[in-house]
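Printed here is final-v9.cif (mmCIF, C-alpha atoms and all ligand atoms):
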data_run
loop_
_atom_site.group_PDB
_atom_site.id
_atom_site.type_symbol
_atom_site.label_atom_id
_atom_site.label_comp_id
_atom_site.auth_asym_id
_atom_site.auth_seq_id
_atom_site.Cartn_x
_atom_site.Cartn_y
_atom_site.Cartn_z
ATOM 1 C CA MET A 404 70.961 -7.382 -89.401
ATOM 2 C CA ASP A 405 71.733 -11.059 -88.971
ATOM 3 C CA LEU A 406 71.708 -13.518 -91.865
ATOM 4 C CA SER A 407 73.122 -16.484 -89.997
ATOM 5 C CA GLY A 408 71.516 -19.753 -91.044
ATOM 6 C CA ARG A 409 70.531 -18.288 -94.438
ATOM 7 C CA VAL A 410 71.752 -19.724 -97.749
ATOM 8 C CA ALA A 411 72.252 -17.249 -100.604
ATOM 9 C CA ILE A 412 73.069 -17.547 -104.304
ATOM 10 C CA VAL A 413 74.678 -14.446 -105.850
ATOM 11 C CA THR A 414 74.982 -14.654 -109.642
ATOM 12 C CA GLY A 415 78.023 -13.143 -111.340
ATOM 13 C CA SER A 416 79.811 -12.796 -108.006
ATOM 14 C CA GLY A 417 83.402 -13.481 -109.068
ATOM 15 C CA ARG A 418 84.082 -9.735 -109.264
ATOM 16 C CA GLY A 419 82.582 -6.244 -109.095
ATOM 17 C CA ILE A 420 79.218 -5.605 -107.461
ATOM 18 C CA GLY A 421 78.413 -9.330 -107.147
ATOM 19 C CA ARG A 422 81.632 -9.972 -105.226
ATOM 20 C CA ALA A 423 80.866 -7.109 -102.814
ATOM 21 C CA ILE A 424 77.322 -8.460 -102.300
ATOM 22 C CA ALA A 425 78.631 -11.975 -101.607
ATOM 23 C CA LEU A 426 81.162 -10.697 -99.058
ATOM 24 C CA LYS A 427 78.565 -8.491 -97.359
ATOM 25 C CA LEU A 428 76.001 -11.319 -97.018
ATOM 26 C CA ALA A 429 78.727 -13.668 -95.754
ATOM 27 C CA GLY A 430 79.865 -11.002 -93.266
ATOM 28 C CA LEU A 431 76.314 -11.011 -91.871
ATOM 29 C CA GLY A 432 76.487 -14.781 -91.427
ATOM 30 C CA ALA A 433 74.970 -16.183 -94.635
ATOM 31 C CA THR A 434 76.351 -19.187 -96.494
ATOM 32 C CA VAL A 435 76.987 -17.902 -100.026
ATOM 33 C CA VAL A 436 77.168 -19.698 -103.365
ATOM 34 C CA ILE A 437 79.497 -17.830 -105.707
ATOM 35 C CA ASN A 438 78.313 -18.159 -109.295
ATOM 36 C CA ASP A 439 80.185 -17.008 -112.352
ATOM 37 C CA ILE A 440 81.004 -18.068 -115.905
ATOM 38 C CA GLY A 441 84.338 -18.979 -117.516
ATOM 39 C CA ASP A 442 87.499 -18.762 -115.416
ATOM 40 C CA ALA A 443 86.877 -20.143 -111.907
ATOM 41 C CA SER A 444 89.815 -18.419 -110.196
ATOM 42 C CA PRO A 445 88.187 -15.047 -109.320
ATOM 43 C CA ALA A 446 85.196 -16.931 -107.869
ATOM 44 C CA GLU A 447 87.525 -19.279 -105.957
ATOM 45 C CA SER A 448 89.260 -16.292 -104.380
ATOM 46 C CA VAL A 449 85.891 -14.915 -103.143
ATOM 47 C CA VAL A 450 85.202 -18.332 -101.561
ATOM 48 C CA GLU A 451 88.622 -18.192 -99.874
ATOM 49 C CA GLU A 452 87.858 -14.717 -98.490
ATOM 50 C CA ILE A 453 84.560 -15.986 -97.060
ATOM 51 C CA ARG A 454 86.205 -19.076 -95.561
ATOM 52 C CA ALA A 455 88.850 -16.788 -93.999
ATOM 53 C CA MET A 456 85.920 -15.048 -92.215
ATOM 54 C CA LYS A 457 84.892 -18.542 -90.960
ATOM 55 C CA GLY A 458 81.945 -18.531 -93.369
ATOM 56 C CA GLN A 459 80.657 -21.278 -95.657
ATOM 57 C CA SER A 460 80.850 -20.892 -99.402
ATOM 58 C CA MET A 461 81.392 -22.710 -102.709
ATOM 59 C CA VAL A 462 81.701 -21.924 -106.392
ATOM 60 C CA VAL A 463 79.152 -23.058 -108.957
ATOM 61 C CA LEU A 464 80.212 -22.146 -112.479
ATOM 62 C CA ALA A 465 77.056 -21.764 -114.579
ATOM 63 C CA ASP A 466 75.799 -19.643 -117.434
ATOM 64 C CA VAL A 467 72.749 -17.945 -115.935
ATOM 65 C CA SER A 468 71.180 -17.568 -119.375
ATOM 66 C CA SER A 469 71.048 -21.373 -119.752
ATOM 67 C CA SER A 470 68.055 -23.153 -118.257
ATOM 68 C CA SER A 471 69.951 -26.421 -117.628
ATOM 69 C CA ASP A 472 72.923 -24.604 -116.026
ATOM 70 C CA VAL A 473 70.590 -22.685 -113.715
ATOM 71 C CA GLU A 474 68.710 -25.849 -112.672
ATOM 72 C CA ARG A 475 72.067 -27.495 -111.910
ATOM 73 C CA MET A 476 73.248 -24.463 -109.889
ATOM 74 C CA VAL A 477 70.172 -24.591 -107.664
ATOM 75 C CA GLU A 478 70.359 -28.414 -107.325
ATOM 76 C CA GLU A 479 74.038 -28.199 -106.303
ATOM 77 C CA THR A 480 73.204 -25.478 -103.768
ATOM 78 C CA VAL A 481 70.423 -27.504 -102.165
ATOM 79 C CA ALA A 482 72.562 -30.677 -102.215
ATOM 80 C CA ALA A 483 75.433 -28.889 -100.442
ATOM 81 C CA PHE A 484 73.578 -26.612 -98.011
ATOM 82 C CA GLY A 485 70.040 -28.053 -97.785
ATOM 83 C CA LYS A 486 68.043 -25.043 -99.031
ATOM 84 C CA VAL A 487 68.112 -21.645 -100.703
ATOM 85 C CA ASP A 488 66.766 -18.583 -98.893
ATOM 86 C CA ILE A 489 68.184 -15.631 -100.816
ATOM 87 C CA LEU A 490 68.698 -15.141 -104.563
ATOM 88 C CA VAL A 491 70.571 -12.105 -105.849
ATOM 89 C CA ASN A 492 70.237 -11.740 -109.617
ATOM 90 C CA ASN A 493 73.380 -9.727 -110.292
ATOM 91 C CA ALA A 494 75.093 -11.152 -113.411
ATOM 92 C CA GLY A 495 74.956 -8.722 -116.318
ATOM 93 C CA ILE A 496 76.753 -7.574 -119.441
ATOM 94 C CA THR A 497 76.697 -4.646 -121.865
ATOM 95 C CA ARG A 498 77.015 -4.638 -125.672
ATOM 96 C CA ASP A 499 76.622 -0.909 -126.359
ATOM 97 C CA HIS A 500 75.824 0.458 -129.824
ATOM 98 C CA LEU A 501 73.559 3.100 -131.274
ATOM 99 C CA LEU A 502 70.475 1.302 -132.568
ATOM 100 C CA MET A 503 71.405 1.640 -136.255
ATOM 101 C CA ARG A 504 74.601 -0.319 -135.549
ATOM 102 C CA MET A 505 73.156 -2.849 -133.124
ATOM 103 C CA SER A 506 73.258 -6.438 -134.387
ATOM 104 C CA ASP A 507 70.665 -9.107 -133.624
ATOM 105 C CA GLU A 508 73.349 -10.828 -131.569
ATOM 106 C CA ASP A 509 74.059 -7.696 -129.458
ATOM 107 C CA TRP A 510 70.340 -7.493 -128.695
ATOM 108 C CA ASP A 511 69.781 -11.212 -127.979
ATOM 109 C CA LYS A 512 72.905 -11.670 -125.847
ATOM 110 C CA VAL A 513 72.117 -8.709 -123.575
ATOM 111 C CA MET A 514 68.498 -9.847 -123.235
ATOM 112 C CA SER A 515 69.566 -13.415 -122.366
ATOM 113 C CA VAL A 516 72.246 -12.599 -119.798
ATOM 114 C CA ASN A 517 70.502 -9.622 -118.150
ATOM 115 C CA LEU A 518 66.811 -10.577 -118.359
ATOM 116 C CA LYS A 519 66.192 -14.235 -119.229
ATOM 117 C CA SER A 520 68.607 -15.137 -116.413
ATOM 118 C CA VAL A 521 66.401 -13.343 -113.886
ATOM 119 C CA PHE A 522 63.390 -15.373 -115.041
ATOM 120 C CA LEU A 523 65.338 -18.667 -115.028
ATOM 121 C CA CYS A 524 66.999 -18.195 -111.627
ATOM 122 C CA THR A 525 63.838 -16.909 -109.950
ATOM 123 C CA ARG A 526 61.759 -19.787 -111.321
ATOM 124 C CA ALA A 527 64.363 -22.311 -110.207
ATOM 125 C CA VAL A 528 64.491 -21.123 -106.562
ATOM 126 C CA LEU A 529 60.824 -20.297 -106.066
ATOM 127 C CA ASN A 530 59.641 -23.844 -105.359
ATOM 128 C CA HIS A 531 62.178 -24.184 -102.523
ATOM 129 C CA MET A 532 61.214 -20.806 -101.070
ATOM 130 C CA ILE A 533 57.453 -21.486 -101.285
ATOM 131 C CA LYS A 534 57.853 -24.792 -99.414
ATOM 132 C CA GLN A 535 59.695 -23.103 -96.549
ATOM 133 C CA ARG A 536 57.481 -19.986 -96.682
ATOM 134 C CA TRP A 537 60.482 -17.649 -96.611
ATOM 135 C CA GLY A 538 62.546 -16.143 -99.381
ATOM 136 C CA ARG A 539 64.272 -13.006 -100.608
ATOM 137 C CA ILE A 540 64.835 -12.203 -104.270
ATOM 138 C CA VAL A 541 66.814 -9.084 -105.136
ATOM 139 C CA SER A 542 67.605 -8.268 -108.769
ATOM 140 C CA ILE A 543 70.127 -5.695 -109.919
ATOM 141 C CA SER A 544 68.440 -3.451 -112.474
ATOM 142 C CA SER A 545 69.933 -0.054 -113.380
ATOM 143 C CA ILE A 546 68.993 3.604 -113.390
ATOM 144 C CA VAL A 547 69.427 3.257 -117.174
ATOM 145 C CA GLY A 548 66.354 0.989 -117.139
ATOM 146 C CA VAL A 549 64.362 3.824 -115.579
ATOM 147 C CA VAL A 550 65.544 6.811 -117.636
ATOM 148 C CA GLY A 551 67.097 5.250 -120.791
ATOM 149 C CA ASN A 552 70.530 5.937 -122.274
ATOM 150 C CA ALA A 553 71.681 6.573 -125.851
ATOM 151 C CA GLY A 554 73.720 3.600 -127.062
ATOM 152 C CA GLN A 555 72.212 1.204 -124.533
ATOM 153 C CA SER A 556 68.717 0.422 -125.889
ATOM 154 C CA ASN A 557 69.306 -3.327 -125.429
ATOM 155 C CA TYR A 558 70.653 -2.961 -121.857
ATOM 156 C CA ALA A 559 68.031 -0.344 -120.854
ATOM 157 C CA SER A 560 65.224 -2.570 -122.199
ATOM 158 C CA ALA A 561 66.478 -5.583 -120.231
ATOM 159 C CA LYS A 562 66.914 -3.525 -117.042
ATOM 160 C CA ALA A 563 63.443 -1.937 -117.422
ATOM 161 C CA ALA A 564 61.923 -5.397 -117.934
ATOM 162 C CA ILE A 565 63.509 -6.589 -114.675
ATOM 163 C CA ILE A 566 61.416 -3.932 -112.915
ATOM 164 C CA GLY A 567 58.156 -5.201 -114.487
ATOM 165 C CA PHE A 568 59.170 -8.771 -113.646
ATOM 166 C CA THR A 569 59.972 -7.846 -110.033
ATOM 167 C CA LYS A 570 56.631 -6.106 -109.496
ATOM 168 C CA SER A 571 54.721 -9.047 -111.025
ATOM 169 C CA ILE A 572 56.444 -11.815 -109.044
ATOM 170 C CA ALA A 573 56.117 -9.764 -105.838
ATOM 171 C CA LYS A 574 52.337 -9.971 -106.399
ATOM 172 C CA GLU A 575 52.477 -13.715 -107.164
ATOM 173 C CA VAL A 576 54.372 -14.743 -104.018
ATOM 174 C CA GLY A 577 53.668 -11.994 -101.469
ATOM 175 C CA SER A 578 51.426 -14.266 -99.390
ATOM 176 C CA ARG A 579 54.173 -16.943 -99.159
ATOM 177 C CA GLY A 580 56.685 -15.006 -97.059
ATOM 178 C CA ILE A 581 58.779 -14.184 -100.126
ATOM 179 C CA THR A 582 59.744 -10.635 -101.056
ATOM 180 C CA VAL A 583 60.891 -9.606 -104.527
ATOM 181 C CA ASN A 584 62.698 -6.298 -105.023
ATOM 182 C CA ALA A 585 65.060 -4.591 -107.439
ATOM 183 C CA ILE A 586 67.938 -2.188 -107.003
ATOM 184 C CA ALA A 587 68.667 0.456 -109.622
ATOM 185 C CA PRO A 588 72.320 1.493 -109.229
ATOM 186 C CA GLY A 589 73.605 4.667 -110.845
ATOM 187 C CA PHE A 590 77.277 4.775 -111.872
ATOM 188 C CA ILE A 591 79.307 2.350 -109.795
ATOM 189 C CA SER A 592 83.088 2.011 -110.070
ATOM 190 C CA THR A 593 83.696 -1.522 -111.491
ATOM 191 C CA GLN A 594 85.215 -3.148 -114.552
ATOM 192 C CA MET A 595 81.912 -2.469 -116.346
ATOM 193 C CA THR A 596 82.398 1.307 -116.005
ATOM 194 C CA GLN A 597 86.204 1.325 -116.327
ATOM 195 C CA GLY A 598 85.870 1.364 -120.127
ATOM 196 C CA LEU A 599 84.196 4.798 -120.020
ATOM 197 C CA LYS A 600 86.259 7.788 -121.143
ATOM 198 C CA GLU A 601 87.685 10.012 -118.362
ATOM 199 C CA ASP A 602 85.958 13.198 -119.647
ATOM 200 C CA TRP A 603 82.599 11.347 -119.737
ATOM 201 C CA ILE A 604 83.123 10.171 -116.134
ATOM 202 C CA GLN A 605 83.883 13.763 -115.060
ATOM 203 C CA GLU A 606 80.742 14.927 -116.878
ATOM 204 C CA ILE A 607 78.649 12.274 -115.068
ATOM 205 C CA GLN A 608 80.188 13.186 -111.715
ATOM 206 C CA LYS A 609 78.982 16.779 -112.125
ATOM 207 C CA ARG A 610 75.411 15.440 -112.383
ATOM 208 C CA ILE A 611 75.581 13.302 -109.243
ATOM 209 C CA PRO A 612 74.392 15.316 -106.196
ATOM 210 C CA VAL A 613 76.594 13.224 -103.864
ATOM 211 C CA GLY A 614 79.564 14.220 -106.085
ATOM 212 C CA SER A 615 81.188 10.866 -106.826
ATOM 213 C CA LEU A 616 80.638 7.483 -108.454
ATOM 214 C CA GLY A 617 79.256 4.803 -106.151
ATOM 215 C CA THR A 618 81.166 1.788 -104.885
ATOM 216 C CA PRO A 619 80.160 -1.892 -105.087
ATOM 217 C CA GLN A 620 79.762 -1.769 -101.280
ATOM 218 C CA ASP A 621 77.069 0.919 -101.618
ATOM 219 C CA VAL A 622 74.987 -1.542 -103.651
ATOM 220 C CA ALA A 623 75.870 -4.475 -101.365
ATOM 221 C CA ASN A 624 74.602 -2.597 -98.283
ATOM 222 C CA ALA A 625 71.206 -2.069 -99.933
ATOM 223 C CA VAL A 626 71.014 -5.743 -100.990
ATOM 224 C CA ALA A 627 71.815 -6.871 -97.450
ATOM 225 C CA PHE A 628 68.938 -4.829 -96.066
ATOM 226 C CA LEU A 629 66.435 -6.129 -98.632
ATOM 227 C CA ALA A 630 67.627 -9.700 -97.950
ATOM 228 C CA SER A 631 67.103 -9.356 -94.200
ATOM 229 C CA GLU A 632 64.162 -10.145 -91.944
ATOM 230 C CA GLU A 633 63.950 -6.404 -91.210
ATOM 231 C CA ALA A 634 62.772 -5.762 -94.808
ATOM 232 C CA ARG A 635 59.882 -8.252 -94.600
ATOM 233 C CA TYR A 636 57.245 -5.598 -95.375
ATOM 234 C CA ILE A 637 59.033 -4.221 -98.467
ATOM 235 C CA THR A 638 58.213 -5.964 -101.761
ATOM 236 C CA GLY A 639 57.764 -5.000 -105.410
ATOM 237 C CA HIS A 640 60.014 -2.019 -104.742
ATOM 238 C CA VAL A 641 62.788 -0.483 -106.848
ATOM 239 C CA LEU A 642 65.492 1.139 -104.732
ATOM 240 C CA ASN A 643 67.759 3.666 -106.466
ATOM 241 C CA VAL A 644 71.366 3.528 -105.263
ATOM 242 C CA ASP A 645 72.625 6.379 -107.369
ATOM 243 C CA GLY A 646 73.924 9.264 -105.231
ATOM 244 C CA GLY A 647 70.718 11.184 -105.972
ATOM 245 C CA MET A 648 71.362 11.247 -109.719
ATOM 246 C CA GLY A 649 67.871 9.985 -110.610
ATOM 247 C CA GLY A 650 68.605 10.342 -114.333
ATOM 248 C CA LEU A 651 71.400 10.865 -116.844
HETATM 249 N N1 LIG A 701 78.795 -0.863 -112.684
HETATM 250 C C1 LIG A 701 77.757 -0.069 -112.790
HETATM 251 O O1 LIG A 701 77.860 1.159 -112.873
HETATM 252 C C2 LIG A 701 76.363 -0.652 -112.802
HETATM 253 C C3 LIG A 701 75.289 0.226 -112.776
HETATM 254 C C4 LIG A 701 73.998 -0.280 -112.774
HETATM 255 C C5 LIG A 701 73.794 -1.643 -112.793
HETATM 256 N N2 LIG A 701 74.858 -2.486 -112.828
HETATM 257 C C6 LIG A 701 74.565 -3.922 -112.850
HETATM 258 O O2 LIG A 701 75.195 -4.538 -111.754
HETATM 259 C C7 LIG A 701 75.516 -5.884 -112.092
HETATM 260 C C8 LIG A 701 76.989 -6.144 -111.818
HETATM 261 O O3 LIG A 701 77.741 -5.236 -112.588
HETATM 262 P P1 LIG A 701 79.328 -5.040 -112.427
HETATM 263 O O4 LIG A 701 79.583 -3.624 -112.689
HETATM 264 O O5 LIG A 701 79.793 -5.660 -111.171
HETATM 265 O O6 LIG A 701 79.818 -5.881 -113.704
HETATM 266 P P2 LIG A 701 81.132 -6.775 -113.928
HETATM 267 O O7 LIG A 701 81.258 -6.903 -115.403
HETATM 268 O O8 LIG A 701 82.280 -6.256 -113.146
HETATM 269 O O9 LIG A 701 80.694 -8.185 -113.282
HETATM 270 C C9 LIG A 701 79.681 -8.981 -113.861
HETATM 271 C C10 LIG A 701 79.932 -10.426 -113.477
HETATM 272 O O10 LIG A 701 78.918 -11.238 -114.106
HETATM 273 C C11 LIG A 701 79.547 -12.367 -114.687
HETATM 274 N N3 LIG A 701 78.744 -12.893 -115.797
HETATM 275 C C12 LIG A 701 78.618 -12.368 -117.040
HETATM 276 N N4 LIG A 701 77.847 -13.174 -117.799
HETATM 277 C C13 LIG A 701 77.473 -14.216 -117.012
HETATM 278 C C14 LIG A 701 76.694 -15.380 -117.236
HETATM 279 N N5 LIG A 701 76.105 -15.610 -118.426
HETATM 280 N N6 LIG A 701 76.522 -16.263 -116.230
HETATM 281 C C15 LIG A 701 77.106 -16.044 -115.010
HETATM 282 N N7 LIG A 701 77.869 -14.959 -114.744
HETATM 283 C C16 LIG A 701 78.044 -14.060 -115.742
HETATM 284 C C17 LIG A 701 80.898 -11.836 -115.151
HETATM 285 O O11 LIG A 701 81.823 -12.899 -115.407
HETATM 286 C C18 LIG A 701 81.298 -10.940 -113.994
HETATM 287 O O12 LIG A 701 81.955 -11.655 -112.970
HETATM 288 C C19 LIG A 701 75.110 -6.053 -113.549
HETATM 289 O O13 LIG A 701 73.808 -6.614 -113.630
HETATM 290 C C20 LIG A 701 75.096 -4.635 -114.059
HETATM 291 O O14 LIG A 701 74.270 -4.489 -115.183
HETATM 292 C C21 LIG A 701 76.141 -2.029 -112.830
#

As structure tokens, please, write out the structure in this file.
Amino acid sequence: MDLSGRVAIVTGSGRGIGRAIALKLAGLGATVVINDIGDASPAESVVEEIRAMKGQSMVVLADVSSSSDVERMVEETVAAFGKVDILVNNAGITRDHLLMRMSDEDWDKVMSVNLKSVFLCTRAVLNHMIKQRWGRIVSISSIVGVVGNAGQSNYASAKAAIIGFTKSIAKEVGSRGITVNAIAPGFISTQMTQGLKEDWIQEIQKRIPVGSLGTPQDVANAVAFLASEEARYITGHVLNVDGGMGGL
């Protein structure tokens, strides 16, 4: 797979899965915009890693749940690199509680950062992709959005909605050379899963046919394929990257 000449935006790519996706796309030749929120230094270090590989990259700090921030991120990308070919909707958060203890804020925040962001970023890049009749949109859902999980009704709802969104937009833009797909990772070793108790992780591991948690690179490899020319006939698809777990 060769992504040289392509310009990609990866949201939430200062660390974890997003960072691995950014490095993978850059390794295949893409110019990559590193987006994150808050402290710029993790994102800056991803840019340095890409530049060390002789790639092009820059940081755009933006809150992907804010319409004006997202518009600015896409404008800055096009101003710097001339276009946007690939969007990876990766930024996400959890605010886990059983429903009886879930506040309005826990619900709204998870919906905004995990779901509204996908709508905002996709809408913002689509015009550019339609004009050039080529585009790749890959959104990171979760296996939890497919099978549900106690304590994560907000997160599971947002991740399930990403799947409905993906299938709908794939139908809207299929004739324009743009594919729209989602990836549903299982349990991946990142800061997001580091908070889980050790006995719970061991319990999960027993239910994963492959026998271990996934790595950010496992997800990045799947994103790279869906972002490539080779995947041109795959759209509206949800790809599980979950070691065969298929459910909790
Ligand atoms: N880790 C897993 O097991 C797992 C499983 C399934 C799906 N996912 C999904 O994969 C994605 C990445 O997860 P991760 O494990 O790397 O998480 P992480 O917490 O390590 O990284 C998430 C990144 O998103 C950034 N971010 C948060 N809010 C943002 C905002 N409003 N605007 C811009 N950036 C923001 C964070 O600063 C962070 O850099 C998420 O969408 C997550 O839901 C993770």

>> Show me which residues line ligand LIG 701 (chain A), defined as having an atom within 8 Å of a ligand atom where all atoms listed in the file count, and present them as a ChimeraX atom specification.
In response: /A:414-422,438-441,445,464-469,492-497,515-517,520,543-547,558,562,587-596,617,619

> Mind listing as a PyMOL selection string all residues within 12 Å of (71.5, 3.5, -122.7), counting all atoms listed in the file?
Replying inline: chain A and resi 497-502+545-563+650-651

> With distances taken over all atoms listed in the file, which of A:Gln535, A:Thr480, A:Ser448, A:Asn584 is nearest to Val521 of chain A?
Replying inline: A:Asn584

> Do you know which residues the PyMOL selection byres (((chain A and resi 426) around 12) and not hetatm) returns on this file, as a PyMOL selection string?
Replying inline: chain A and resi 411-413+416-425+427-437+446+448-460+619-620+622-624+626-627

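Interatomic distance, atom CA of Lys512 of chain A against atom CA of Val641 of chain A: 24.3 Å.
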
>> One decimal, in Å: what's the spacing between atom CA of Leu599 of chain A and atom CA of Val513 of chain A?
In response: 18.5 Å

>> Excluding Glu632 of chain A and its own-chain neighbours fewer than 4 positions away, which residues fall within 9 Å of it when counting only C-alpha atoms? Please give them as an MDAnalysis selection string.
In response: chainID A and resid 404:406 628 636
